[in-house]
Structure formats: structure tokens, C-alpha cells
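Here is the structure we will look at.
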Amino acid sequence: MTESKQVITLITGADKGIGFETAKELDQKGQHILVGARDQQRGEKAVEKLEAAGVQATFIQLDVTNKAQIAAAAEKIKADYGYLSILINNAGIAMGQHQPASEMSTETMRQEFDVNFFGLVDVTQAMIPLLKAGQPAKIINVSSNMGSLGLATDPNSRFYNVSSLGYQASKASVDFATILLSKELITEGITVNSVNPGWTATNFGGRSSESIKPAGMQDVAMGAAQIVKMASLPLADPQTGTFTENEGTLPW
Ligand SMILES: NC(=O)c1ccc[n+]([C@@H]2O[C@H](COP(=O)([O-])OP(=O)(O)OC[C@H]3O[C@@H](n4cnc5c(N)ncnc54)[C@H](OP(=O)(O)O)[C@@H]3O)[C@@H](O)[C@H]2O)c1
């Protein structure tokens, strides 16, 4: 990247998994990483590990379901840097295991929506003034192939028979946020894109770090690769309103 001012990148849910890996990779592109984490201890530990690996990282407490924390994080970024270059909305959960839509509890779905969708929208709305101050700037929403309506309705897709209503609907909603925000923010110099990491060996959905990686599950570097690619494009790159993965473009 050839930007003259330091690229400041906030990643939500960056204390582990794909978010942490993304932080590690992006430092190599000269970005200063704000490590968003809801748990102070886990966040500070992640920063320690990143710094030991030579990454320029700063912890920022950010539970995406906590509006007061979101406001405080925006205030802190404003005071410390005055702007934000890249927002990577990565924090996400999958609570409901695969089960028929007719049986899934709406309580479970609400929890998934609170983090995956409402949390993402609240963080984004709070950061938009900082992104405007830093423009050209970008928002990258970490979505999922499981949220693709195109794949869910394609009998030839392996997602045709997948059923996890809360998670899938929350990620489809993330994509809708991408579509609408990309159109709204194009005149402000802010691009908005969705990325699917793909099935990745993390703690996602309660998976243990010790469990054996099943065939087809990729390692975390591959899971972060498309996010890193999108975040490494020049800030002024015009690509907006897309949904991509390592293999190319996905149907909405
Ligand atoms: N792994 C996959 O197969 C896969 C596939 C497609 C899409 N994705 C998406 O990729 C993203 C990252 O997932 P991952 O695989 O890295 O999972 P992960 O290892 O479980 O990491 C999820 C991250 O989100 C954070 N988080 C959860 N609730 C939060 C909240 N309320 N506020 C702030 N942070 C919160 C977690 O923090 P704590 O450490 O505090 O729990 C953690 O840092 C998610 O959006 C997920 O939907 C993953």
C-alpha cells in the first residue's frame, strides 16, 4: 500500500481464530491493528502474542452487543488517532447446531442476531464518522457461505440441505447490510464488501482446539486469506458491494 498516513484497522473478535490470524497477516502490510475483544484478558493476551510476532497492535475492549462499549471504543479511536481506515466486522457466533427450522428456538436465534447482525450494525454506525474522517476507507463484513440465499436454494449446492436458521439468516442479513451500506457510502469514499472465510479450524460453534481437523476443513491462514486480500487492496480501490471467498465470487 502507498497511503501516506498510517492505515488504522479495527478488527472485532480479534483475540482468536480468523480475527487474530487476520491481525497477524495485516501487520505485514504496515497496518496498525486495533484488536477488538470483549474479554480484556483474552484481548491483552492476543496483543502480547501479536507484539511478540512484531505486529503493531493495541487492545480495544469491544463487546459488539454492548452499546456503551462501542461508544467508548469510537471515542478512544477518535482521541488516539482521529480516524479509522479499515473496519473488519469479524466477531460472530453460531449457537444453534443444525436442526429443522421448525424446531429451532427463537431465543437461540436472537443471541445469534444480537452478535452477528445487530452488533455488526451498531459497531459500523458508530465507526462511520471515523471512517469518513479517514477516507478513502473500507468496511469488510465477515459473512458466510451459509448465509447465501443462492446456495441455499440451489439443489446442486452442498448448502441445499443445511439447516441452521438463526446463523444462516443472521449472515444473510449481514449481506443485506453490505448491499445497502455499499450503495449509501460510495459517495463518502467508503467501500463495503462481504467475505466468506470458508469452513475453518477455529473454536467456532464450540469446536475444541484439540479436536482433529476433519477432511475439507481448512487451516486458519486459509480462512483469513480473502479478508487479508480485501484489506490489503489500496484504500482507494473502488470494489464495493461484493461477496467473495478465496475461490471467487459467491451468489448473495
Ligand atoms: N470457522 C468457520 O468455519 C467460519 C465459516 C464461515 C464464517 N465464519 C465467520 O468468521 C468469523 C470468525 O469466526 P472464527 O471461525 O474465527 O470463530 P471463533 O474462533 O469462535 O472466533 C470468534 C470471535 O468472535 C468473538 N465474539 C463472539 N461474541 C462476541 C461479542 N459479543 N463481542 C465481540 N466479540 C465477540 C469471539 O470472542 P471470545 O474469544 O470472547 O469468544 C472470538 O474472538 C465469524 O463471523 C464467523 O461467523 C467462520
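Here's how to read the names in the C-alpha cells: chain A, B, ... by the order shown, residue numbers from 1 in each chain, ligand numbers from 1 in the order shown.
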Spatial neighbours of A:Lys45, max dist 8 Å, only C-alpha atoms, sep filter under 4 positions, as JSON, numbers by chain: {"A": [15, 41, 49]}
Preceding selection exported with N, CA, C and O atoms as a PDB file, in the first residue's frame:
ATOM      1  N   ASP A  15      -9.310 -11.614  19.224  1.00  0.00           N
ATOM      2  CA  ASP A  15      -8.464 -12.277  20.223  1.00  0.00           C
ATOM      3  C   ASP A  15      -8.127 -13.716  19.847  1.00  0.00           C
ATOM      4  O   ASP A  15      -7.250 -14.321  20.446  1.00  0.00           O
ATOM      5  N   GLN A  41      -8.792  -9.793  29.333  1.00  0.00           N
ATOM      6  CA  GLN A  41      -7.635 -10.689  29.480  1.00  0.00           C
ATOM      7  C   GLN A  41      -7.263 -11.359  28.157  1.00  0.00           C
ATOM      8  O   GLN A  41      -6.095 -11.370  27.766  1.00  0.00           O
ATOM      9  N   LYS A  49       0.830 -11.563  22.214  1.00  0.00           N
ATOM     10  CA  LYS A  49       1.291 -12.546  21.218  1.00  0.00           C
ATOM     11  C   LYS A  49       1.593 -11.862  19.887  1.00  0.00           C
ATOM     12  O   LYS A  49       2.584 -12.173  19.230  1.00  0.00           O
TER      13      LYS A  49
END
Enumerate as a PDB file with C-alpha atoms, in the first residue's frame the residues within 8 Å of ligand 1, counting only C-alpha atoms and all ligand atoms.
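And here's pocket_37.pdb as it stands now:
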ATOM      1  CA  THR A  12     -13.766  -7.152  16.035  1.00  0.00           C
ATOM      2  CA  GLY A  13     -13.370 -10.551  17.710  1.00  0.00           C
ATOM      3  CA  ALA A  14      -9.622 -10.437  17.098  1.00  0.00           C
ATOM      4  CA  ASP A  15      -8.464 -12.277  20.223  1.00  0.00           C
ATOM      5  CA  LYS A  16      -8.514 -15.640  18.452  1.00  0.00           C
ATOM      6  CA  GLY A  17      -9.461 -17.558  15.322  1.00  0.00           C
ATOM      7  CA  ILE A  18      -9.815 -15.841  11.976  1.00  0.00           C
ATOM      8  CA  GLY A  19      -9.761 -12.332  13.509  1.00  0.00           C
ATOM      9  CA  PHE A  20      -6.443 -12.963  15.269  1.00  0.00           C
ATOM     10  CA  GLY A  36     -11.228  -5.646  19.393  1.00  0.00           C
ATOM     11  CA  ALA A  37     -12.107  -8.203  22.064  1.00  0.00           C
ATOM     12  CA  ARG A  38     -14.935  -8.451  24.575  1.00  0.00           C
ATOM     13  CA  ASP A  39     -12.741 -10.026  27.231  1.00  0.00           C
ATOM     14  CA  ARG A  42      -8.014 -12.548  26.187  1.00  0.00           C
ATOM     15  CA  LEU A  62     -15.330  -4.176  22.396  1.00  0.00           C
ATOM     16  CA  ASP A  63     -18.270  -6.427  23.094  1.00  0.00           C
ATOM     17  CA  VAL A  64     -20.287  -5.802  19.949  1.00  0.00           C
ATOM     18  CA  THR A  65     -23.534  -6.264  21.896  1.00  0.00           C
ATOM     19  CA  ASN A  66     -22.618  -3.528  24.384  1.00  0.00           C
ATOM     20  CA  ASN A  89     -16.563  -6.838  11.313  1.00  0.00           C
ATOM     21  CA  ASN A  90     -15.391 -10.328  12.196  1.00  0.00           C
ATOM     22  CA  ALA A  91     -16.975 -11.140  15.599  1.00  0.00           C
ATOM     23  CA  GLY A  92     -19.539 -13.878  15.204  1.00  0.00           C
ATOM     24  CA  ILE A  93     -21.183 -16.826  16.909  1.00  0.00           C
ATOM     25  CA  ALA A  94     -23.109 -19.943  15.926  1.00  0.00           C
ATOM     26  CA  ASP A 114     -27.501  -9.842  18.537  1.00  0.00           C
ATOM     27  CA  VAL A 115     -23.841 -10.567  17.791  1.00  0.00           C
ATOM     28  CA  ASN A 116     -23.753 -11.342  14.072  1.00  0.00           C
ATOM     29  CA  GLY A 119     -23.713  -5.956  16.853  1.00  0.00           C
ATOM     30  CA  VAL A 142     -17.218 -11.357   7.611  1.00  0.00           C
ATOM     31  CA  SER A 143     -20.191 -13.287   6.328  1.00  0.00           C
ATOM     32  CA  SER A 144     -20.587 -16.968   5.464  1.00  0.00           C
ATOM     33  CA  ASN A 145     -21.475 -19.211   2.560  1.00  0.00           C
ATOM     34  CA  MET A 146     -24.158 -20.494   4.940  1.00  0.00           C
ATOM     35  CA  TYR A 167     -26.986 -18.400  11.926  1.00  0.00           C
ATOM     36  CA  LYS A 171     -25.403 -13.891   7.887  1.00  0.00           C
ATOM     37  CA  ASN A 196     -16.807 -15.763   3.298  1.00  0.00           C
ATOM     38  CA  PRO A 197     -13.831 -17.312   5.115  1.00  0.00           C
ATOM     39  CA  GLY A 198     -14.986 -20.887   4.397  1.00  0.00           C
ATOM     40  CA  TRP A 199     -15.045 -23.838   6.774  1.00  0.00           C
ATOM     41  CA  THR A 200     -12.097 -23.170   9.055  1.00  0.00           C
ATOM     42  CA  ALA A 201     -10.440 -24.874  12.020  1.00  0.00           C
ATOM     43  CA  THR A 202     -11.131 -22.399  14.842  1.00  0.00           C
ATOM     44  CA  ASN A 203     -13.170 -22.560  18.064  1.00  0.00           C
ATOM     45  CA  PHE A 204     -16.216 -21.553  16.041  1.00  0.00           C
ATOM     46  CA  GLY A 205     -19.505 -23.122  17.106  1.00  0.00           C
ATOM     47  CA  GLY A 206     -17.831 -24.525  20.229  1.00  0.00           C
ATOM     48  CA  ARG A 207     -15.229 -26.585  18.358  1.00  0.00           C
ATOM     49  CA  MET A 217     -11.737 -28.088   6.920  1.00  0.00           C
ATOM     50  CA  VAL A 220      -6.895 -20.610   9.900  1.00  0.00           C
ATOM     51  CA  GLY A 223      -9.728 -18.836   6.495  1.00  0.00           C
TER      52      GLY A 223
END
Would you return as JSON, numbers by chain the members of stretch 53-152 of chain A that DSSP assigns to helix (DSSP H, G or I) on this structure's backbone? {"A": [67, 68, 69, 70, 71, 72, 73, 74, 75, 76, 77, 78, 79, 80, 106, 107, 108, 109, 110, 111, 112, 113, 114, 115, 116, 117, 118, 119, 120, 121, 122, 123, 124, 125, 126, 127, 128, 129, 130, 131, 132, 133, 134, 145, 146, 147, 149, 150, 151, 152]}
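Comparing A:Met230, A:Lys213, A:His32, A:Ala71 by their smallest distance to A:Gly54, the closest is A:His32 (using only C-alpha atoms).
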Quick one: of A:Ile11, A:Val35, A:Ile190, A:Leu26, who's nearest to A:Ala231, counting only C-alpha atoms?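 Using only C-alpha atoms, A:Ala231 sits closest to A:Leu26.
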Each residue of stretch 179-203 of chain A with at least one atom at most 8 Å from stretch 130-137 of chain A should appear once, together with its nearest atom pair and the corresponding distance in Å (one decimal); atoms considered: only C-alpha atoms; ordering: chain, then increasing residue number; output as a Markdown table.
| residue | atom | partner | partner_atom | distance |
| --- | --- | --- | --- | --- |
| A:Glu188 | CA | A:Lys132 | CA | 6.5 |
| A:Gly189 | CA | A:Pro136 | CA | 4.8 |
| A:Ile190 | CA | A:Ala137 | CA | 4.8 |
| A:Thr191 | CA | A:Ala137 | CA | 6.6 |
Dump of N, CA and C atoms for the selected residues, as an mmCIF file, in the first residue's frame:
data_model
loop_
_atom_site.group_PDB
_atom_site.id
_atom_site.type_symbol
_atom_site.label_atom_id
_atom_site.label_comp_id
_atom_site.auth_asym_id
_atom_site.auth_seq_id
_atom_site.Cartn_x
_atom_site.Cartn_y
_atom_site.Cartn_z
ATOM 1 N N GLU A 188 -19.102 8.646 -0.068
ATOM 2 C CA GLU A 188 -18.297 9.114 1.081
ATOM 3 C C GLU A 188 -16.867 8.569 1.006
ATOM 4 N N GLY A 189 -16.561 7.813 -0.059
ATOM 5 C CA GLY A 189 -15.213 7.247 -0.177
ATOM 6 C C GLY A 189 -15.018 6.018 0.697
ATOM 7 N N ILE A 190 -16.117 5.339 1.030
ATOM 8 C CA ILE A 190 -16.022 4.136 1.873
ATOM 9 C C ILE A 190 -16.604 2.949 1.093
ATOM 10 N N THR A 191 -15.814 1.893 0.924
ATOM 11 C CA THR A 191 -16.323 0.696 0.264
ATOM 12 C C THR A 191 -16.791 -0.300 1.333
#
Which one is closest to A:Ile88: A:Val228, A:Ser170, A:Ile60, A:Ser182? Count only C-alpha atoms.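 Selected residue with least distance to A:Ile88: A:Val228.
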Might you pull out every residue within 10 Å of A:Leu233, with only C-alpha atoms counted and same-chain residues fewer than 5 positions away left off, and present them as an MDAnalysis selection string? chainID A and resid 1 29 138 228 238:239
Keeping C-alpha atoms, export the residues of the selection given above as an mmCIF file, in the first residue's frame.
data_model
loop_
_atom_site.group_PDB
_atom_site.id
_atom_site.type_symbol
_atom_site.label_atom_id
_atom_site.label_comp_id
_atom_site.auth_asym_id
_atom_site.auth_seq_id
_atom_site.Cartn_x
_atom_site.Cartn_y
_atom_site.Cartn_z
ATOM 1 C CA MET A 1 0.000 0.000 0.000
ATOM 2 C CA LYS A 29 1.165 -4.793 5.105
ATOM 3 C CA LYS A 138 -13.307 0.345 3.866
ATOM 4 C CA VAL A 228 -6.488 -10.164 4.265
ATOM 5 C CA PRO A 238 -13.290 1.055 -5.899
ATOM 6 C CA GLN A 239 -14.528 -2.528 -5.466
#
Residue with smallest distance to A:Thr242 - pool A:Ala225, A:Ile139, A:Pro214, A:Gln61, counting only C-alpha atoms: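 For A:Thr242, the nearest of the candidates is A:Ile139.
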